[in-house]
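Peer 1: You'll find entry-v5.txt just under this line, and it carries compact mmCIF, C-alpha atoms.
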# COMPACT_ATOMS: atom_id res chain seq x y z
CA MET A 962 -6.43 19.89 17.40
CA THR A 963 -9.02 17.72 15.78
CA PRO A 964 -11.85 19.12 13.68
CA GLY A 965 -14.21 17.96 16.42
CA TYR A 966 -12.51 20.33 18.86
CA SER A 967 -13.51 23.37 16.83
CA THR A 968 -17.09 22.12 16.58
CA VAL A 969 -17.32 21.45 20.32
CA LEU A 970 -15.75 24.82 21.18
CA LYS A 971 -18.12 26.69 18.88
CA SER A 972 -21.11 24.92 20.43
CA ALA A 973 -19.83 25.51 23.96
CA LEU A 974 -19.42 29.22 23.34
CA GLU A 975 -23.08 29.41 22.33
CA LEU A 976 -24.18 28.21 25.80
CA ASP A 977 -25.37 30.75 28.34
CA LEU A 978 -23.05 31.77 31.17
CA ASP A 979 -24.40 29.26 33.71
CA GLU A 980 -24.18 26.36 31.27
CA ARG A 981 -20.60 27.32 30.30
CA ALA A 982 -19.63 27.49 33.97
CA ILE A 983 -21.08 24.03 34.66
CA LEU A 984 -19.41 22.64 31.54
CA ALA A 985 -16.06 24.14 32.58
CA ILE A 986 -16.30 22.57 36.03
CA GLU A 987 -17.25 19.18 34.62
CA LEU A 988 -14.42 19.28 32.08
CA GLN A 989 -11.92 20.38 34.71
CA GLN A 990 -12.92 17.49 36.94
CA THR A 991 -12.06 15.03 34.18
CA LEU A 992 -8.45 16.26 34.14
CA HIS A 993 -7.63 14.81 37.54
CA GLU A 994 -7.96 11.29 38.79
CA VAL A 995 -10.06 11.30 41.91
CA ASP A 996 -9.17 8.86 44.64
CA PRO A 997 -12.48 7.68 46.15
CA GLU A 998 -10.89 7.53 49.62
CA VAL A 999 -9.70 11.13 49.36
CA GLU A 1000 -13.10 12.22 48.06
CA ALA A 1001 -14.81 10.45 50.99
CA ALA A 1002 -12.39 12.02 53.48
CA TRP A 1003 -13.17 15.50 52.12
CA ALA A 1004 -16.90 14.81 52.32
CA ASP A 1005 -16.48 13.75 55.96
CA GLU A 1006 -14.45 16.90 56.69
CA VAL A 1007 -17.12 19.11 55.13
CA GLU A 1008 -19.81 17.42 57.24
CA ARG A 1009 -17.67 17.83 60.37
CA ARG A 1010 -17.17 21.54 59.70
CA ILE A 1011 -20.87 22.08 58.96
CA GLY A 1012 -21.67 20.38 62.26
CA GLU A 1013 -19.29 22.71 64.12
CA ILE A 1014 -20.99 25.71 62.53
CA ASP A 1015 -24.48 24.39 63.31
CA ARG A 1016 -23.54 23.75 66.94
CA GLY A 1017 -21.96 27.21 67.28
CA GLU A 1018 -18.51 25.74 67.90
CA ALA A 1019 -16.82 27.46 64.97
CA THR A 1020 -15.76 31.08 64.80
CA LEU A 1021 -16.81 32.46 61.43
CA VAL A 1022 -14.73 35.22 59.90
CA PRO A 1023 -16.03 37.46 57.10
CA GLY A 1024 -14.35 36.80 53.75
CA ASP A 1025 -13.14 40.38 53.33
CA GLN A 1026 -11.39 40.16 56.70
CA VAL A 1027 -9.71 36.88 55.75
CA LEU A 1028 -8.48 38.36 52.47
CA ALA A 1029 -7.20 41.52 54.17
CA GLU A 1030 -5.27 39.44 56.71
CA ALA A 1031 -3.85 37.21 53.98
CA ARG A 1032 -2.71 40.23 51.96
CA ALA A 1033 -1.10 41.75 55.04
CA ARG A 1034 0.82 38.52 55.71
CA LEU A 1035 2.00 38.30 52.12
CA LEU A 1036 3.29 41.88 52.24
CA ARG A 1037 5.41 41.23 55.35
Is it possible to give me this structure as structure tokens?

Peer 2:
Amino acid sequence: MTPGYSTVLKSALELDLDERAILAIELQQTLHEVDPEVEAAWADEVERRIGEIDRGEATLVPGDQVLAEARARLLR
């Protein structure tokens, strides 16, 4: 590790929780190349799903129910 790493880490650890979370997300995003076409396709999919929800076409399931069902499937 470079000396700069220690300096940056020390400074980052002095940030408040929200700032550290944002920094972590931004750093994580730099670790992966993002294909603009893939990013655009995901944005379109998100908009499509939001539209389904807004029009009442989607069946929403509470998160705790989804997790319980996933756990049950994994234990089979």

Peer 1: What does the structure give for the distance between atom CA of A:Ala1019 and atom CA of A:Val1007, in Å to one decimal?

Peer 2: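 For atom CA of A:Ala1019 relative to atom CA of A:Val1007, the distance reads 12.9 Å.
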
Peer 1: Extract, using only C-alpha atoms, all DNA, RNA and protein residues at most 10 Å from stretch 970-975 of chain A, discarding same-chain residues fewer than 4 positions from it, and format them as a list of chain:residue names.

Peer 2: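 The filter keeps A:Gly965, A:Tyr966, A:Glu980, A:Arg981, A:Leu984, A:Ala985.
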
Peer 1: When you draw a straight line from atom CA of A:Gln990 to atom CA of A:Ala1002, how long is it in Å?

Peer 2: 17.4 Å

Peer 1: Can you work out the spacing between atom CA of A:Thr968 and atom CA of A:Leu988 in Å, to one decimal?

Peer 2: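 Calculated distance between atom CA of A:Thr968 and atom CA of A:Leu988 is 16.0 Å.
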
Peer 1: As JSON, please: the centre and edge lengths in Å, to one decimal, of an axis-aligned box enclosing every listed atom of stretch 996-1008 of chain A with 8 Å added on each side.

Peer 2:
{"center_x": -14.5, "center_y": 13.3, "center_z": 50.9, "size_x": 26.6, "size_y": 27.6, "size_z": 28.6}
